[in-house]
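The structure appears below as structure tokens.
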Amino acid sequence: MRTKDEAAVRAGRALRLVLLIALALLFLIPFYLLVRNGLSSERDITSPEWTFFPSELRWSNVRELFDDTSVPFARSLLNSALIAVATTLGTLVLASLAGYGLARIPYRHANKVFYAFLGTLMVPAAVTFVPSFVLVSSLGWISTLRGLIVPTLFSAFACFVFRQYFLGFPRELEDAAQVDGLGYWRTYWRIVVPNARPVFAAVGTIVFIGAWNSFLWPLVIGQDRDAWTVQVALSSFTTSQVIRLHELFIAAAVSILPLLVVFLCFQRWIVAGVERSGIDD
């Protein structure tokens with residue numbers, strides 16, 4: 001009997017292992033296609049006879065991508081990096097301060113303000129897009145980093161996550177800080193922030209990925225080529241006259257490398273931070 005149970009356990013583990021391997025391979029297929037086609041010639045990409053590997057690995061495609069004068073891809077990568085980092089840092093500061101204030105500072109209208117924040121999440125982005133563009137244009141921020149960064153710093157979702165997390169934050173730590181003479185500001189910076197790293201890492205990762213992948217706003221605001229982001233640069237490889245497939249694929253492969261690095265470094269914090277934020281008061 002015991003032998004049968006052990007055999008069943010082994011069979012279950014083997015089945016789970018096979019299933020996980022199959023799912024991992026399915027997950028890796030898009031990355032394989034990006035690298036395979038990015039290092040291929042146009043003939044290998046469009047050939048009716050599919051091969052798992054191109055007839056020749058053309059590493060020169062990478063050099064061709066960055067030497068292409070019609071698409072400033074290196075500049076676009078730099079712009080995306082600056083925008084994503086600045087947006088992430090700014091959102092973390094503003095949203096965490098707002099969330100901490102709503103969760104901890106006594107104010108009789110705090111819940112009303114919080115519900116107003118949540119109400120903004122129900123407004124479609126298309127409704128505020130035109131007014132935001134008119135405002136940025138009137139400020140003279142077209143094709144500037146300010147126009148690309150500042151309007152994206154205010155995230156109701158991030159504020160919601162921080163507020164929920166701070167509601168469950170141990171009050172004893174804050175009470176001890178106040179006994180030592182710290183106010184709300186110094187308590188936030190010296191006690192709360194160092195002990196809230198999981199939620200900061202989780203929200204920061206989500207905001208960074210969203211800022212890096214943003215397309216419509218940078219497309220409209222970054223009208224000059226020097227203000228292009230990597231997503232806008234990717235779209236320029238596809239025109240009504242020609243589609244440069246090998247450059248498009250290798251550019252897409254290069255553009256996701258920063259996201260992979262960020263995700264691999266902070267993936268454990270994403271789940272931990274969201275779990276600790278909770279959704280109940």
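Quick note on naming: the chains in the structure tokens go A, B, ... in the order shown, residues restart at 1 in each chain, and ligands are numbered from 1 in order of appearance.
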
Using only C-alpha atoms, which protein or nucleic acid residues come within 12 Å of Ala176 (chain A)? Drop anything in the same chain fewer than 4 positions from it, and give the result as an mmCIF file with N, CA, C and O atoms, in the first residue's frame.
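Dumped to around-v2.cif:
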```
data_model
loop_
_atom_site.group_PDB
_atom_site.id
_atom_site.type_symbol
_atom_site.label_atom_id
_atom_site.label_comp_id
_atom_site.auth_asym_id
_atom_site.auth_seq_id
_atom_site.Cartn_x
_atom_site.Cartn_y
_atom_site.Cartn_z
ATOM 1 N N PRO A 170 2.005 48.431 11.439
ATOM 2 C CA PRO A 170 1.966 48.399 12.911
ATOM 3 C C PRO A 170 1.996 49.804 13.512
ATOM 4 O O PRO A 170 2.959 50.550 13.340
ATOM 5 N N ARG A 171 0.961 50.148 14.230
ATOM 6 C CA ARG A 171 0.897 51.468 14.852
ATOM 7 C C ARG A 171 1.911 51.623 15.988
ATOM 8 O O ARG A 171 2.291 52.740 16.350
ATOM 9 N N GLU A 172 2.316 50.486 16.563
ATOM 10 C CA GLU A 172 3.253 50.562 17.681
ATOM 11 C C GLU A 172 4.551 51.249 17.281
ATOM 12 O O GLU A 172 5.146 52.000 18.067
ATOM 13 N N ASP A 180 9.255 59.598 20.887
ATOM 14 C CA ASP A 180 10.606 60.154 20.758
ATOM 15 C C ASP A 180 10.614 61.555 20.171
ATOM 16 O O ASP A 180 11.683 62.131 19.948
ATOM 17 N N GLY A 181 9.436 62.088 19.877
ATOM 18 C CA GLY A 181 9.354 63.463 19.410
ATOM 19 C C GLY A 181 9.293 63.629 17.905
ATOM 20 O O GLY A 181 9.429 64.752 17.411
ATOM 21 N N LEU A 182 9.094 62.547 17.172
ATOM 22 C CA LEU A 182 9.012 62.650 15.721
ATOM 23 C C LEU A 182 7.589 63.000 15.289
ATOM 24 O O LEU A 182 6.620 62.457 15.825
ATOM 25 N N GLY A 183 7.482 63.883 14.337
ATOM 26 C CA GLY A 183 6.185 64.211 13.768
ATOM 27 C C GLY A 183 5.827 63.258 12.645
ATOM 28 O O GLY A 183 6.520 62.264 12.390
ATOM 29 N N THR A 187 8.416 60.627 10.973
ATOM 30 C CA THR A 187 7.984 59.244 11.192
ATOM 31 C C THR A 187 7.847 58.517 9.868
ATOM 32 O O THR A 187 8.248 57.346 9.730
ATOM 33 N N ARG A 190 11.615 58.062 8.407
ATOM 34 C CA ARG A 190 12.567 57.272 9.205
ATOM 35 C C ARG A 190 12.028 55.917 9.641
ATOM 36 O O ARG A 190 12.802 54.989 9.874
ATOM 37 N N ILE A 191 10.705 55.798 9.772
ATOM 38 C CA ILE A 191 10.127 54.555 10.293
ATOM 39 C C ILE A 191 9.338 53.813 9.224
ATOM 40 O O ILE A 191 9.552 52.615 8.983
ATOM 41 N N VAL A 192 8.442 54.516 8.561
ATOM 42 C CA VAL A 192 7.515 53.850 7.643
ATOM 43 C C VAL A 192 8.215 53.397 6.370
ATOM 44 O O VAL A 192 8.114 52.228 5.972
#
```

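A straight line drawn from CA of Ser41 (chain A) to CA of Ser55 (chain A) is 8.7 Å long.
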
Taking 5 positions as the minimum chain separation for residues in the same chain, which residues sit within 10 Å of Lys112 (chain A) when counting only C-alpha atoms? Answer as a CSV table (one decimal) with all heavy atoms, in the first residue's frame.
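Listed below is the output, out_23.csv:
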```
chain,number,residue,atom,x,y,z
A,102,LEU,N,-3.8,59.7,3.9
A,102,LEU,CA,-5.1,59.2,4.0
A,102,LEU,C,-5.3,58.1,5.0
A,102,LEU,O,-6.4,58.0,5.6
A,102,LEU,CB,-5.6,58.7,2.6
A,102,LEU,CG,-5.7,59.7,1.5
A,102,LEU,CD1,-6.0,59.1,0.2
A,102,LEU,CD2,-6.9,60.7,1.8
A,117,PHE,N,-10.4,59.7,-5.1
A,117,PHE,CA,-9.3,59.1,-5.8
A,117,PHE,C,-9.7,57.9,-6.6
A,117,PHE,O,-9.4,57.7,-7.8
A,117,PHE,CB,-8.2,58.7,-4.8
A,117,PHE,CG,-7.2,59.7,-4.5
A,117,PHE,CD1,-7.3,60.6,-3.5
A,117,PHE,CD2,-6.1,59.8,-5.4
A,117,PHE,CE1,-6.3,61.5,-3.2
A,117,PHE,CE2,-5.1,60.8,-5.2
A,117,PHE,CZ,-5.2,61.7,-4.1
A,118,LEU,N,-10.5,57.0,-5.9
A,118,LEU,CA,-11.0,55.8,-6.6
A,118,LEU,C,-11.9,56.2,-7.8
A,118,LEU,O,-11.9,55.4,-8.8
A,118,LEU,CB,-11.8,55.0,-5.6
A,118,LEU,CG,-11.0,54.3,-4.5
A,118,LEU,CD1,-11.9,53.4,-3.6
A,118,LEU,CD2,-9.8,53.5,-5.0
```

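The closest residue to Ile221 (chain A), picked from A:Val261, A:Val199, A:Val207, A:Ile149 and counting only C-alpha atoms, is A:Ile149.
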